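Data from final-v4.txt: compact mmCIF, C-alpha atoms
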# COMPACT_ATOMS: atom_id res chain seq x y z
CA GLU L 1 88.84 63.23 133.30
CA LYS L 2 87.13 66.34 131.88
CA TYR L 3 84.96 66.54 134.98
CA ARG L 4 88.03 66.47 137.20
CA HIS L 5 89.74 69.08 135.03
CA ILE L 6 86.80 71.46 135.30
CA SER L 7 86.45 71.15 139.04
CA ASN L 8 90.17 71.56 139.71
CA HIS L 9 91.01 74.39 137.36
CA HIS L 10 87.86 76.38 136.84
CA PRO L 11 86.12 76.61 140.23
CA ARG L 12 84.94 80.16 139.69
CA ARG L 13 83.34 79.43 136.35
CA LEU L 14 81.23 76.61 137.70
CA GLY L 15 80.45 77.99 141.08
CA ALA L 16 82.80 75.57 142.85
CA ARG L 17 83.61 76.99 146.24
CA THR L 18 85.83 76.24 149.12
CA MET L 19 83.56 75.73 152.10
CA THR L 20 85.02 76.18 155.57
CA SER L 21 83.92 75.70 159.14
CA ASN L 22 82.29 78.67 160.84
CA THR L 23 84.91 78.53 163.55
CA ASN L 24 87.95 78.31 161.30
CA LYS L 25 88.18 80.02 157.88
CA ASP L 26 91.88 79.45 157.46
CA ASN L 27 92.70 77.86 154.08
CA ASN L 28 94.89 75.28 155.81
CA SER L 29 92.06 74.09 158.01
CA PRO L 30 91.42 70.35 157.79
CA SER L 31 87.71 71.17 157.62
CA SER L 32 88.23 72.97 154.32
CA ILE L 33 86.43 71.08 151.50
CA GLN L 34 85.83 71.77 147.83
CA ARG L 35 82.34 71.38 146.40
CA ARG L 36 82.19 69.38 143.20
CA PRO L 37 80.23 71.01 140.35
CA THR L 38 76.80 69.60 139.62
CA LYS L 39 75.89 67.99 136.31
CA ALA L 40 73.85 71.05 135.39
CA GLU L 41 76.84 73.33 136.02
CA VAL L 42 79.10 71.11 133.93
CA ALA L 43 76.54 71.07 131.09
CA ALA L 44 76.17 74.87 131.26
CA HIS L 45 79.94 75.31 131.12
CA ASN L 46 80.28 72.97 128.13
CA ALA L 47 77.47 74.78 126.28
CA ALA L 48 79.10 78.15 126.94
CA ASP L 49 82.47 76.82 125.77
CA MET L 50 80.90 75.48 122.56
CA THR L 51 79.35 78.91 121.93
CA ARG L 52 82.73 80.56 122.49
CA ARG L 53 84.39 78.22 119.97
CA MET L 54 81.63 78.88 117.42
CA VAL L 55 82.04 82.65 117.73
CA CYS L 56 85.83 82.34 117.44
CA GLY L 57 85.51 80.13 114.36
CA GLY L 58 83.00 82.47 112.72
CA VAL L 59 85.07 85.60 113.30
CA ALA L 60 88.25 83.84 112.11
CA GLY L 61 86.48 82.83 108.89
CA MET L 62 85.21 86.37 108.26
CA ILE L 63 88.68 87.86 108.73
CA ALA L 64 90.25 85.37 106.32
CA LYS L 65 87.55 85.62 103.63
CA THR L 66 87.49 89.42 103.58
CA ALA L 67 91.28 89.59 103.31
CA THR L 68 91.39 87.19 100.35
CA ASN L 69 88.10 88.01 98.56
CA PRO L 70 89.78 89.73 95.55
CA LEU L 71 91.66 86.50 94.83
CA GLU L 72 88.46 84.50 95.37
CA ARG L 73 86.58 86.71 92.86
CA ILE L 74 89.23 86.23 90.18
CA LYS L 75 89.24 82.47 90.81
CA MET L 76 85.46 82.17 90.49
CA LEU L 77 85.31 84.16 87.24
CA SER L 78 88.03 81.94 85.83
CA GLN L 79 86.06 78.83 86.87
CA THR L 80 82.71 79.92 85.45
CA GLY L 81 84.05 81.57 82.28
CA GLU L 82 81.47 84.38 82.75
CA HIS L 83 84.04 87.13 82.36
CA GLY L 84 82.99 88.63 79.00
CA ALA L 85 86.34 87.97 77.30
CA GLY L 86 86.00 85.81 74.18
CA ALA L 87 83.83 82.71 74.18
CA LYS L 88 82.35 81.51 77.45
CA GLY L 89 84.58 78.97 79.09
CA GLN L 90 87.68 80.42 77.40
CA LYS L 91 90.59 80.86 79.80
CA GLN L 92 91.81 84.36 80.64
CA SER L 93 94.92 85.38 82.55
CA ILE L 94 94.83 86.47 86.19
CA ILE L 95 95.96 89.98 85.24
CA GLY L 96 93.37 90.12 82.45
CA LEU L 97 90.56 89.18 84.85
CA TYR L 98 91.79 91.72 87.39
CA ARG L 99 91.68 94.47 84.76
CA SER L 100 88.25 93.38 83.54
CA ILE L 101 86.82 93.61 87.07
CA LEU L 102 88.24 97.10 87.62
CA GLN L 103 87.03 98.27 84.18
CA ASN L 104 83.48 96.91 84.51
CA GLU L 105 82.78 97.19 88.24
CA GLY L 106 85.47 99.36 89.80
CA VAL L 107 87.59 98.56 92.85
CA LEU L 108 84.56 97.40 94.86
CA GLY L 109 84.02 94.73 92.22
CA LEU L 110 86.94 92.86 93.77
CA TRP L 111 84.75 92.38 96.85
CA ALA L 112 81.55 91.53 94.96
CA GLY L 113 79.77 88.74 96.82
CA ASN L 114 81.72 89.37 100.02
CA GLY L 115 78.54 90.31 101.90
CA ALA L 116 76.90 86.99 101.03
CA ASN L 117 80.19 85.29 101.74
CA LEU L 118 80.41 86.77 105.24
CA LEU L 119 76.80 85.86 106.02
CA ARG L 120 77.63 82.33 104.92
CA VAL L 121 81.12 82.14 106.39
CA PHE L 122 80.27 83.16 109.94
CA PRO L 123 77.80 80.32 110.58
CA ALA L 124 79.71 77.93 108.29
CA LYS L 125 83.10 78.39 109.94
CA ALA L 126 81.49 78.56 113.36
CA VAL L 127 79.95 75.16 112.70
CA VAL L 128 83.10 73.75 111.05
CA PHE L 129 85.54 74.64 113.82
CA SER L 130 83.22 73.90 116.74
CA THR L 131 81.84 70.63 115.36
CA ASN L 132 85.35 69.57 114.33
CA ASP L 133 86.36 69.85 117.99
CA LEU L 134 83.18 67.97 118.90
CA TYR L 135 83.77 65.17 116.38
CA LYS L 136 87.43 64.93 117.40
CA GLY L 137 86.39 64.50 121.02
CA ALA L 138 83.90 61.78 120.08
CA LEU L 139 86.41 59.93 117.87
CA ARG L 140 89.07 60.29 120.58
CA LYS L 141 86.74 58.45 122.99
CA VAL L 142 85.85 55.76 120.44
CA ALA L 143 89.51 55.13 119.55
CA ASN L 144 90.62 55.54 123.18
CA VAL L 145 93.23 58.18 122.27
CA PRO L 146 94.56 60.09 125.32
CA HIS L 147 93.71 63.79 125.41
CA GLU L 148 97.38 64.83 125.48
CA GLU L 149 98.15 62.93 122.25
CA ALA L 150 97.46 64.24 118.73
CA LEU L 151 94.59 62.51 116.95
CA PRO L 152 95.78 60.05 114.22
CA GLY L 153 95.56 61.36 110.64
CA PRO L 154 92.61 59.20 109.49
CA LEU L 155 90.53 60.20 112.51
CA ALA L 156 91.42 63.88 112.03
CA PHE L 157 90.33 63.50 108.38
CA LEU L 158 86.97 62.03 109.43
CA ALA L 159 86.36 64.73 112.04
CA GLY L 160 87.09 67.52 109.55
CA GLY L 161 85.04 65.85 106.82
CA PHE L 162 81.97 65.42 109.00
CA ALA L 163 82.32 69.03 110.18
CA GLY L 164 82.53 70.27 106.60
CA MET L 165 79.43 68.37 105.49
CA THR L 166 77.48 69.60 108.53
CA ALA L 167 78.37 73.24 107.79
CA SER L 168 77.73 72.99 104.03
CA ALA L 169 74.28 71.46 104.48
CA MET L 170 73.26 74.19 106.94
CA THR L 171 74.43 77.21 104.90
CA TYR L 172 74.12 76.17 101.25
CA PRO L 173 71.57 78.77 99.98
CA LEU L 174 73.96 81.55 101.03
CA ASP L 175 76.80 79.83 99.17
CA PHE L 176 74.54 79.60 96.11
CA ALA L 177 73.82 83.36 96.26
CA ARG L 178 77.50 84.14 96.64
CA GLY L 179 78.30 81.94 93.63
CA ARG L 180 75.91 83.83 91.38
CA ILE L 181 77.04 87.27 92.53
CA SER L 182 80.77 86.54 92.27
CA GLY L 183 80.62 84.14 89.33
CA LYS L 184 79.32 86.64 86.77
CA LEU L 185 80.99 89.83 85.57
CA ALA L 186 78.87 92.90 84.75
CA SER L 187 78.29 93.08 80.99
CA ASP L 188 78.42 96.86 80.93
CA VAL L 189 79.94 99.33 83.36
CA GLY L 190 77.81 99.26 86.52
CA LYS L 191 75.23 96.87 85.05
CA LYS L 192 75.02 93.64 87.10
CA GLN L 193 72.53 90.80 86.83
CA TYR L 194 72.61 90.02 90.57
CA LYS L 195 72.96 92.98 92.92
CA GLY L 196 72.91 91.53 96.41
CA ILE L 197 72.05 88.59 98.60
CA ILE L 198 68.31 89.25 98.95
CA HIS L 199 67.95 90.31 95.31
CA THR L 200 69.77 87.17 94.12
CA ILE L 201 67.73 84.79 96.26
CA VAL L 202 64.36 86.43 95.47
CA LEU L 203 65.11 86.68 91.74
CA SER L 204 66.36 83.09 91.54
CA VAL L 205 63.28 81.74 93.33
CA LYS L 206 60.95 83.89 91.21
CA GLU L 207 62.44 82.82 87.88
CA GLU L 208 63.55 79.24 88.65
CA GLY L 209 61.65 78.08 91.72
CA ILE L 210 62.69 77.38 95.31
CA LEU L 211 64.80 74.37 94.33
CA ALA L 212 67.10 76.72 92.40
CA LEU L 213 68.69 77.63 95.74
CA TYR L 214 70.04 74.08 95.91
CA LYS L 215 71.59 73.88 92.46
CA GLY L 216 75.07 72.47 92.94
CA VAL L 217 74.38 71.10 96.42
CA THR L 218 75.41 67.55 95.41
CA PRO L 219 79.03 68.39 94.49
CA THR L 220 79.16 70.74 97.47
CA LEU L 221 78.38 67.95 99.92
CA MET L 222 80.55 65.52 97.97
CA GLY L 223 83.44 67.98 98.13
CA ALA L 224 82.95 69.02 101.74
CA MET L 225 84.07 65.67 103.15
CA PRO L 226 87.42 65.45 101.30
CA TYR L 227 88.05 69.22 101.38
CA GLU L 228 87.64 69.79 105.11
CA GLY L 229 88.91 66.27 105.79
CA ILE L 230 92.17 66.88 103.93
CA LYS L 231 92.55 70.32 105.47
CA PHE L 232 92.05 69.26 109.09
CA GLY L 233 93.68 65.89 108.40
CA THR L 234 96.85 67.57 107.14
CA VAL L 235 96.96 69.72 110.25
CA GLY L 236 96.53 66.59 112.36
CA VAL L 237 99.35 64.78 110.54
CA MET L 238 101.68 67.79 110.89
CA GLU L 239 100.92 68.01 114.62
CA LYS L 240 101.77 64.32 114.90
CA LEU L 241 105.03 64.74 112.97
CA PHE L 242 106.03 67.95 114.75
CA PRO L 243 104.50 67.70 118.24
CA ALA L 244 104.42 70.81 120.41
CA PRO L 245 106.23 70.71 123.78
CA LYS L 246 104.04 69.37 126.55
CA ASP L 247 102.26 71.81 128.87
CA GLU L 248 102.68 74.58 126.31
CA LYS L 249 99.82 76.64 124.85
CA PRO L 250 99.17 76.07 121.12
CA ASN L 251 101.28 78.45 119.03
CA PRO L 252 99.12 80.46 116.55
CA VAL L 253 102.05 80.81 114.09
CA ARG L 254 102.51 77.04 114.14
CA LYS L 255 98.77 76.60 113.48
CA MET L 256 98.98 79.11 110.62
CA CYS L 257 101.76 77.16 108.90
CA PHE L 258 99.99 73.82 109.28
CA GLY L 259 96.65 75.34 108.24
CA GLY L 260 98.15 77.00 105.16
CA LEU L 261 99.66 73.70 104.01
CA GLY L 262 96.38 71.89 104.68
CA GLY L 263 94.44 74.48 102.68
CA VAL L 264 96.73 74.21 99.64
CA MET L 265 96.55 70.40 99.68
CA ALA L 266 92.76 70.41 99.99
CA GLY L 267 92.33 73.07 97.31
CA LEU L 268 94.46 71.23 94.76
CA ILE L 269 92.87 67.82 95.24
CA THR L 270 89.23 68.95 95.26
CA TYR L 271 89.46 71.77 92.68
CA PRO L 272 87.78 69.97 89.73
CA ASN L 273 84.75 69.19 91.91
CA ASP L 274 84.60 72.86 92.95
CA THR L 275 84.55 73.94 89.30
CA VAL L 276 81.61 71.60 88.60
CA ARG L 277 79.60 72.99 91.52
CA ARG L 278 80.16 76.58 90.33
CA LEU L 279 78.97 75.68 86.83
CA LEU L 280 75.87 74.01 88.28
CA GLN L 281 75.13 77.06 90.44
CA LEU L 282 75.13 79.36 87.39
CA GLN L 283 72.94 77.23 85.12
CA GLY L 284 69.61 78.88 84.51
CA SER L 285 70.89 82.27 85.68
CA ARG L 286 70.49 85.39 83.57
CA GLY L 287 72.89 85.40 80.64
CA THR L 288 73.77 81.71 81.01
CA THR L 289 72.29 79.34 78.42
CA THR L 290 74.09 76.10 79.28
CA GLU L 291 71.90 73.55 81.06
CA PHE L 292 72.86 70.34 82.85
CA THR L 293 70.63 67.53 84.08
CA GLY L 294 72.93 66.77 87.00
CA TYR L 295 76.46 66.38 88.30
CA TRP L 296 77.73 63.78 85.85
CA ASP L 297 76.01 65.48 82.90
CA CYS L 298 77.92 68.65 83.77
CA VAL L 299 81.20 66.71 83.95
CA ARG L 300 80.52 64.95 80.63
CA LYS L 301 79.48 68.05 78.66
CA THR L 302 82.26 70.23 80.06
CA TYR L 303 84.91 67.62 79.29
CA ALA L 304 83.54 66.99 75.78
CA LYS L 305 83.57 70.69 74.92
CA HIS L 306 86.70 71.96 76.65
CA GLY L 307 88.77 68.97 77.76
CA ILE L 308 90.22 68.12 81.16
CA GLN L 309 92.00 71.47 81.50
CA ARG L 310 88.63 73.23 81.82
CA PHE L 311 88.21 71.80 85.31
CA TYR L 312 91.43 73.50 86.40
CA HIS L 313 90.71 77.04 85.23
CA GLY L 314 91.73 79.34 88.08
CA VAL L 315 93.69 76.68 89.98
CA THR L 316 96.82 78.87 90.13
CA ILE L 317 95.06 81.81 91.78
CA ASN L 318 93.28 79.34 94.04
CA VAL L 319 96.59 77.98 95.36
CA ILE L 320 97.80 81.56 95.89
CA ARG L 321 94.54 82.31 97.74
CA MET L 322 94.29 79.14 99.81
CA ALA L 323 97.62 79.45 101.62
CA PRO L 324 96.93 82.83 103.30
CA ASN L 325 93.18 82.18 103.60
CA THR L 326 93.50 78.94 105.54
CA ALA L 327 96.54 80.12 107.47
CA VAL L 328 94.65 83.21 108.69
CA GLN L 329 91.62 81.04 109.58
CA PHE L 330 93.58 78.63 111.77
CA GLY L 331 95.82 81.33 113.25
CA SER L 332 92.93 83.68 114.04
CA TYR L 333 90.89 80.86 115.54
CA GLU L 334 93.74 79.90 117.87
CA VAL L 335 94.37 83.51 118.94
CA LEU L 336 90.67 84.19 119.55
CA LYS L 337 90.33 80.97 121.56
CA GLN L 338 93.23 81.94 123.78
CA VAL L 339 92.03 85.53 124.21
CA SER L 340 88.48 84.42 125.10
CA GLU L 341 89.60 81.67 127.48
CA GLY L 342 87.89 82.23 130.81
CA TRP L 343 85.15 84.54 129.51
CA PHE L 344 82.48 81.94 130.34
Would you mind giving the structure from this file in structure tokens?
Amino acid sequence: EKYRHISNHHPRRLGARTMTSNTNKDNNSPSSIQRRPTKAEVAAHNAADMTRRMVCGGVAGMIAKTATNPLERIKMLSQTGEHGAGAKGQKQSIIGLYRSILQNEGVLGLWAGNGANLLRVFPAKAVVFSTNDLYKGALRKVANVPHEEALPGPLAFLAGGFAGMTASAMTYPLDFARGRISGKLASDVGKKQYKGIIHTIVLSVKEEGILALYKGVTPTLMGAMPYEGIKFGTVGVMEKLFPAPKDEKPNPVRKMCFGGLGGVMAGLITYPNDTVRRLLQLQGSRGTTTEFTGYWDCVRKTYAKHGIQRFYHGVTINVIRMAPNTAVQFGSYEVLKQVSEGWF
């Protein structure tokens, strides 16, 4: 079906030509025939289309993350407790954290870690969105779901979950660096323990060894499946419940609404796991004395010392952040896909 679609609708992209007789070049000539694209041309087109989707996904992720980074910074400081107000792990208000950042690091402190985030987000979101389409196509074939029908919720969940795990495994060291830069507040005005991506990675390896770059990778991979699965699965369910009119291009605003809802749902359900991975990323860092032997040791010690509410520090700002962040991701991705259609 895809082969037929390519040859019928994209002849110029694949080099498909209408070949006519030397004696009659009229388009209505019975001798007019259309050359079918070769396997190599089809493969080249599919590779180019995958590249286009990866670029669109990466750019969409960068736009969304930069726009919401101040909220992300406040959320991470609330999770880690490394905000210099009272005892470590003590909860501080959103406004209080905002003021602390401005007082200690200035306005640019709201975007601390954004450079590492963008370096991570571009490949991560490129892989997430493109491989999600790839996994959806594979699951659609396995389940024999017609292309014009929305993928069932469980299959959409699996596709998103596999895409999330693939992206997380490929870009984790950058996520680790971002966690250390954003998860600690400068102790004095202008004095920061971790000053940039390269500095953070080099310093962490020098002081803690190469494996330090993978602290927190277990909860990251554990959380990637449900997080991306719930996010893309929610979008899939909403598309099933509120199907778009047939033969109509996907509406970016519609995608934004579904994506925003999916992001909030995913953020709420997986938030405790995200807190654990941030705590594991900071262990052994400068100024942090708490040590954990692993995932469950972190859960046990944190619960024993602070109670269940400690795992939800920053959840309010996270919900506020997730709605616009995910909405912009899905909306931007859809717009960029439509704009770039036909470039390859």
Identify, on the basis of all atoms listed in the file, every residue whose closest approach to Leu282 of chain L does not exceed 7 Å; exclude the query and any residue fewer than 4 positions from it along the same chain; express the result as a ChimeraX atom specification. /L:180,278,288
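With all atoms listed in the file as the atoms that count, the residue of L:Asp175, L:Glu82, L:Glu41, L:Glu228 with the shortest distance to Thr289 of chain L is L:Glu82.
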As a PDB file with C-alpha atoms, keeping the file's coordinate frame, please: the residues near segment 42-59 of chain L (cut-off 6 Å, only C-alpha atoms, same-chain neighbours under 5 positions excluded).
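Generated file (part15.pdb):
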ATOM      1  CA  PHE L 122      80.270  83.160 109.940  1.00  0.00           C
ATOM      2  CA  LYS L 125      83.100  78.390 109.940  1.00  0.00           C
ATOM      3  CA  ALA L 126      81.490  78.560 113.360  1.00  0.00           C
ATOM      4  CA  PHE L 129      85.540  74.640 113.820  1.00  0.00           C
ATOM      5  CA  SER L 130      83.220  73.900 116.740  1.00  0.00           C
ATOM      6  CA  TYR L 333      90.890  80.860 115.540  1.00  0.00           C
ATOM      7  CA  LEU L 336      90.670  84.190 119.550  1.00  0.00           C
TER       8      LEU L 336
END
What does the structure give for the distance between atom CA of Gln338 of chain L and atom CA of Ser168 of chain L, in Å to one decimal?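 That distance, rounded to one decimal, is 26.7 Å.
Using only C-alpha atoms, the shortest contact distance between Phe162 of chain L and any of L:Asn144, L:Trp111, L:Met76, L:Leu221 is found at L:Leu221.
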Atom CA of Gly106 of chain L and atom CA of Ser285 of chain L, how far apart in Å? 22.8 Å
Taking all atoms listed in the file into account, name the residue in L:Gly307, L:Ile210, L:Glu149, L:Trp296 that is nearest to Asp247 of chain L.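 Of L:Gly307, L:Ile210, L:Glu149, L:Trp296, the one nearest Asp247 of chain L, counting all atoms listed in the file, is L:Glu149.
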Grab the atom CA of Asn251 of chain L to atom CA of Phe330 of chain L distance for me, in Å with one decimal place.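 Between atom CA of Asn251 of chain L and atom CA of Phe330 of chain L the gap works out to 10.6 Å.
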At a cut-off of 10 Å, using only C-alpha atoms, what residues contact Met165 of chain L? Leave out same-chain residues fewer than 3 positions from it and give the result as a ChimeraX atom specification. /L:124,127-128,160-162,168-170,220-229
